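The structure file query.csv is reproduced below (CSV, C-alpha atoms).
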chain,number,residue,atom,x,y,z
R,1,MET,CA,-59.0,-60.0,221.5
R,2,ASN,CA,-61.3,-61.7,219.2
R,3,ALA,CA,-60.8,-60.8,215.6
R,4,SER,CA,-62.4,-61.6,212.3
R,5,PRO,CA,-60.3,-63.1,209.5
R,6,GLU,CA,-59.8,-59.6,208.2
R,7,GLY,CA,-58.5,-58.5,211.6
R,8,SER,CA,-58.4,-55.1,213.1
R,9,ASN,CA,-54.9,-54.6,211.9
R,10,ARG,CA,-56.0,-54.6,208.3
R,11,LYS,CA,-58.5,-51.8,209.0
R,12,ARG,CA,-56.0,-49.8,211.0
R,13,GLY,CA,-53.1,-49.7,208.6
R,14,ALA,CA,-49.7,-48.4,209.5
R,15,ARG,CA,-46.9,-46.3,208.0
R,16,LEU,CA,-43.8,-48.5,207.9
R,17,LEU,CA,-40.4,-48.8,206.4
R,18,ILE,CA,-38.4,-52.1,206.0
R,19,VAL,CA,-34.7,-52.4,205.4
R,20,GLY,CA,-32.4,-55.4,205.3
R,21,PRO,CA,-29.2,-56.6,203.6
R,22,PRO,CA,-29.2,-58.6,200.4
R,23,GLY,CA,-30.4,-62.2,201.1
R,24,SER,CA,-32.3,-61.3,204.3
R,25,GLY,CA,-35.7,-62.1,202.8
R,26,LYS,CA,-36.8,-58.5,203.0
R,27,GLY,CA,-39.0,-58.7,199.9
R,28,THR,CA,-40.8,-61.8,201.2
R,29,GLN,CA,-41.4,-60.3,204.7
R,30,ALA,CA,-42.6,-57.0,203.1
R,31,LYS,CA,-45.4,-58.9,201.5
R,32,PHE,CA,-46.4,-60.6,204.7
R,33,ILE,CA,-46.4,-57.3,206.7
R,34,ALA,CA,-48.4,-55.6,204.0
R,35,ASP,CA,-51.0,-58.4,204.1
R,36,VAL,CA,-51.3,-58.2,207.9
R,37,PHE,CA,-52.0,-54.5,207.9
R,38,GLY,CA,-53.9,-54.3,204.7
R,39,ILE,CA,-51.5,-51.8,203.2
R,40,PRO,CA,-49.5,-51.8,199.9
R,41,ALA,CA,-45.9,-52.9,199.9
R,42,ILE,CA,-44.2,-50.1,197.9
R,43,SER,CA,-40.8,-50.9,196.4
R,44,THR,CA,-39.0,-48.2,194.5
R,45,GLY,CA,-37.7,-50.9,192.1
R,46,ASP,CA,-41.3,-51.9,191.3
R,47,ILE,CA,-42.3,-48.3,190.8
R,48,PHE,CA,-39.5,-47.7,188.3
R,49,ARG,CA,-40.4,-50.9,186.4
R,50,HIS,CA,-44.1,-50.0,186.4
R,51,HIS,CA,-43.5,-46.5,184.9
R,52,ILE,CA,-40.9,-47.9,182.4
R,53,MET,CA,-43.3,-50.6,181.3
R,54,HIS,CA,-46.2,-48.3,180.8
R,55,GLN,CA,-44.0,-45.7,179.1
R,56,THR,CA,-45.2,-42.8,181.3
R,57,GLU,CA,-43.5,-39.5,181.2
R,58,LEU,CA,-41.6,-40.3,184.4
R,59,GLY,CA,-40.9,-43.8,183.1
R,60,VAL,CA,-39.3,-42.4,179.9
R,61,ARG,CA,-37.0,-40.2,182.1
R,62,VAL,CA,-36.1,-43.1,184.4
R,63,LYS,CA,-35.4,-45.5,181.5
R,64,ALA,CA,-33.0,-43.0,179.8
R,65,ILE,CA,-31.1,-42.7,183.1
R,66,VAL,CA,-30.9,-46.4,183.8
R,67,ASP,CA,-30.0,-47.2,180.2
R,68,ALA,CA,-27.1,-44.7,180.5
R,69,GLY,CA,-25.9,-46.7,183.6
R,70,ASP,CA,-26.5,-43.8,186.0
R,71,TYR,CA,-28.4,-43.7,189.3
R,72,VAL,CA,-31.8,-42.3,189.4
R,73,PRO,CA,-31.4,-38.9,191.1
R,74,ASP,CA,-33.1,-38.1,194.4
R,75,SER,CA,-35.4,-35.5,192.9
R,76,LEU,CA,-36.9,-38.0,190.4
R,77,THR,CA,-37.1,-40.8,192.9
R,78,ASN,CA,-38.9,-38.5,195.3
R,79,GLU,CA,-41.3,-37.5,192.6
R,80,LEU,CA,-42.2,-41.1,191.8
R,81,VAL,CA,-42.6,-42.0,195.5
R,82,ALA,CA,-44.8,-38.9,196.2
R,83,GLN,CA,-47.0,-39.9,193.3
R,84,ARG,CA,-47.3,-43.5,194.5
R,85,LEU,CA,-48.2,-42.5,198.0
R,86,SER,CA,-50.9,-40.2,196.7
R,87,GLU,CA,-52.8,-43.2,195.3
R,88,PRO,CA,-56.0,-44.3,197.1
R,89,ASP,CA,-54.6,-47.7,198.3
R,90,ALA,CA,-51.9,-45.9,200.4
R,91,ALA,CA,-54.4,-43.6,202.2
R,92,ASN,CA,-54.6,-45.9,205.2
R,93,GLY,CA,-50.8,-46.6,205.3
R,94,PHE,CA,-48.0,-48.3,203.4
R,95,LEU,CA,-44.8,-50.2,203.8
R,96,LEU,CA,-41.8,-48.6,202.0
R,97,ASP,CA,-39.1,-51.0,200.7
R,98,GLY,CA,-35.9,-49.5,199.2
R,99,TYR,CA,-36.8,-45.9,200.1
R,100,PRO,CA,-35.5,-43.6,201.5
R,101,ARG,CA,-31.9,-44.5,200.6
R,102,THR,CA,-30.3,-41.1,201.2
R,103,LEU,CA,-30.5,-38.4,203.8
R,104,GLU,CA,-32.1,-36.1,201.2
R,105,GLN,CA,-34.8,-38.7,200.6
R,106,VAL,CA,-35.4,-38.9,204.4
R,107,ARG,CA,-35.9,-35.1,204.5
R,108,PHE,CA,-38.3,-35.3,201.6
R,109,LEU,CA,-40.3,-38.1,203.1
R,110,ASP,CA,-40.5,-36.1,206.4
R,111,ASP,CA,-42.0,-33.2,204.6
R,112,LEU,CA,-44.3,-35.4,202.5
R,113,LEU,CA,-45.8,-37.1,205.6
R,114,ALA,CA,-45.9,-34.0,207.8
R,115,GLY,CA,-49.6,-33.4,207.2
R,116,ASP,CA,-50.7,-37.0,207.4
R,117,GLY,CA,-48.6,-38.4,210.2
R,118,ARG,CA,-45.0,-39.6,210.1
R,119,LEU,CA,-43.6,-43.1,210.0
R,120,GLU,CA,-44.6,-45.3,212.9
R,121,ALA,CA,-41.7,-47.8,212.7
R,122,VAL,CA,-38.6,-48.7,210.7
R,123,ILE,CA,-38.1,-52.5,210.6
R,124,ARG,CA,-34.5,-53.5,210.3
R,125,LEU,CA,-33.8,-57.2,209.5
R,126,THR,CA,-30.5,-58.2,210.9
R,127,ALA,CA,-28.5,-61.3,209.9
R,128,ASP,CA,-25.0,-62.7,210.2
R,129,GLU,CA,-23.0,-61.7,207.1
R,130,ASP,CA,-21.4,-65.0,206.6
R,131,GLU,CA,-24.8,-66.7,206.7
R,132,LEU,CA,-26.1,-64.4,204.1
R,133,VAL,CA,-23.1,-64.9,201.9
R,134,ARG,CA,-23.5,-68.7,202.2
R,135,ARG,CA,-27.2,-68.4,201.4
R,136,LEU,CA,-26.7,-66.1,198.3
R,137,THR,CA,-23.7,-68.2,197.1
R,138,HIS,CA,-25.8,-71.3,197.2
R,139,ARG,CA,-28.6,-69.6,195.4
R,140,ALA,CA,-26.2,-68.4,192.7
R,141,HIS,CA,-24.9,-71.9,192.1
R,142,GLU,CA,-28.5,-73.2,191.9
R,143,GLN,CA,-29.4,-70.6,189.3
R,144,GLY,CA,-26.2,-71.0,187.4
R,145,ARG,CA,-25.0,-67.4,188.0
R,146,ALA,CA,-21.3,-68.0,187.8
R,147,ASP,CA,-20.5,-64.2,187.9
R,148,ASP,CA,-22.3,-63.9,191.3
R,149,THR,CA,-19.1,-64.8,193.2
R,150,GLU,CA,-18.6,-64.7,197.0
R,151,GLU,CA,-16.4,-61.6,196.5
R,152,ALA,CA,-19.2,-59.9,194.6
R,153,ILE,CA,-21.8,-60.9,197.2
R,154,ARG,CA,-19.6,-59.6,200.0
R,155,HIS,CA,-19.2,-56.3,198.1
R,156,ARG,CA,-22.9,-55.8,197.9
R,157,GLN,CA,-23.2,-56.5,201.7
R,158,GLU,CA,-20.6,-53.8,202.3
R,159,VAL,CA,-22.3,-51.3,200.0
R,160,TYR,CA,-25.6,-51.9,201.8
R,161,ALA,CA,-24.0,-51.4,205.2
R,162,ARG,CA,-22.3,-48.2,204.1
R,163,GLN,CA,-25.3,-46.7,202.4
R,164,THR,CA,-27.9,-47.5,205.0
R,165,ALA,CA,-25.9,-46.6,208.1
R,166,PRO,CA,-26.7,-42.9,208.0
R,167,ILE,CA,-30.4,-43.6,207.4
R,168,LEU,CA,-30.5,-46.1,210.3
R,169,ASP,CA,-28.8,-43.6,212.6
R,170,VAL,CA,-31.5,-41.0,211.9
R,171,TYR,CA,-34.3,-43.4,212.7
R,172,ARG,CA,-32.6,-44.9,215.7
R,173,GLU,CA,-32.2,-41.4,217.2
R,174,ARG,CA,-36.0,-40.8,216.6
R,175,GLY,CA,-36.8,-44.1,218.4
R,176,LEU,CA,-38.3,-45.6,215.4
R,177,LEU,CA,-35.9,-48.5,214.7
R,178,VAL,CA,-37.2,-52.0,215.3
R,179,GLU,CA,-34.4,-54.5,214.9
R,180,VAL,CA,-35.5,-58.1,214.2
R,181,ASP,CA,-33.4,-61.2,213.7
R,182,GLY,CA,-33.8,-62.1,210.1
R,183,THR,CA,-32.4,-65.6,210.3
R,184,GLY,CA,-34.5,-68.7,210.4
R,185,GLY,CA,-37.6,-69.8,208.6
R,186,VAL,CA,-39.9,-67.3,206.8
R,187,ASP,CA,-42.8,-67.8,209.2
R,188,GLU,CA,-40.5,-67.6,212.2
R,189,VAL,CA,-39.1,-64.2,211.0
R,190,ALA,CA,-42.6,-63.0,210.2
R,191,ALA,CA,-43.8,-63.8,213.7
R,192,ARG,CA,-40.8,-61.9,215.2
R,193,ILE,CA,-41.7,-58.9,213.2
R,194,ARG,CA,-45.3,-58.9,214.2
R,195,GLU,CA,-44.5,-59.4,217.8
R,196,ALA,CA,-41.9,-56.6,217.7
R,197,LEU,CA,-44.4,-54.2,216.2
R,198,ALA,CA,-47.2,-55.3,218.6
R,199,ALA,CA,-44.8,-54.6,221.5
R,200,ARG,CA,-44.7,-51.0,220.3
R,201,GLY,CA,-48.4,-50.7,220.0
R,202,ILE,CA,-48.5,-51.2,216.3
R,203,GLY,CA,-51.1,-53.9,215.7
R,204,ASP,CA,-52.5,-56.3,218.3
R,205,ALA,CA,-50.6,-59.2,219.7
R,206,GLY,CA,-53.7,-61.4,219.6
R,207,ASP,CA,-54.4,-60.7,216.0
R,208,THR,CA,-50.8,-60.9,214.9
R,209,ALA,CA,-50.3,-64.2,216.5
R,210,ALA,CA,-53.0,-65.6,214.4
R,211,ALA,CA,-52.2,-63.8,211.2
Give the structure from the file, written as structure tokens.
Amino acid sequence: MNASPEGSNRKRGARLLIVGPPGSGKGTQAKFIADVFGIPAISTGDIFRHHIMHQTELGVRVKAIVDAGDYVPDSLTNELVAQRLSEPDAANGFLLDGYPRTLEQVRFLDDLLAGDGRLEAVIRLTADEDELVRRLTHRAHEQGRADDTEEAIRHRQEVYARQTAPILDVYRERGLLVEVDGTGGVDEVAARIREALAARGIGDAGDTAAA
């Protein structure tokens, strides 16, 4: 298929979710995917920071919770995500990063998307835990973060696995889970993701190969 530099994928858009353990390069890949499809990469962390920085009503509520050392409750997170997805740039699709994190959030997202079409795929970046630990430990040493020990890094990996398992099970049962090897170079992983999505009819193999 002959495509212009903008590519048909950018016009088409897609409704996607990406998950991956700490150190998997999820944030980097999210930006690449968003660029290929011409959709916003929406991170709950970025949403929180935006509202806090601009001192919106929601931001004031979030800041008070975070400053108290508590987790932002599902109800407030859902409200923030719903508001973000209602913005014009998300009308043609989006890539969610860091949401949903709980089964309650999954149910809320189902209801939210019921009228406009559900998720098309959930991209799961996989990687060997030991390799991720080595990568993050090396990064911590380079950045002088002495408190970011191997033990702490392994604990974060365990927390990720425990928290995301129920979510992944739901999407696996729905046939939406796309598992991609997250090890290797950035471009290599990005190509794997595009090929995996194209194999499911999301995007065009010709366009994605050149993206």
Rounded to one decimal place, report the atom CA of R:Ala34-atom CA of R:Glu188 distance in Å.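 Spanning atom CA of R:Ala34 to atom CA of R:Glu188 is a straight-line distance of 16.5 Å.
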R:Arg61 environment, 9 Å, only C-alpha atoms, sequence neighbours closer than 5 positions dropped, as number ranges by chain: R: 52, 56, 66, 76
Contacts of R:Leu85 at 10 Å (all atoms listed in the file; same-chain gap of 3+ positions) as a PyMOL selection string: chain R and resi 40+42+80-82+88-91+93-94+96+112-113
Let me make sure I understand: among R:Leu58, R:Ala41, R:Asn78, R:Val36, which one has the smallest atom-to-atom distance to R:Asp110 if we use all atoms listed in the file?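 Result for the nearest residue to R:Asp110: R:Asn78.
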If you count all atoms listed in the file, which residues fall within 8 Å of R:Ala140, apart from same-chain ones fewer than 6 positions away, as a PyMOL selection string? chain R and resi 146+148-149
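Here atom CA of R:Pro166 stands at a distance of 7.2 Å from atom CA of R:Leu103.
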For each of R:Arg84, R:Lys26, R:Lys31, R:Arg200, take the minimum atom-to-atom distance to R:His51, counting only C-alpha atoms, then give the residue where this is smallest.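 Among the listed residues, R:Arg84 lies closest to R:His51.
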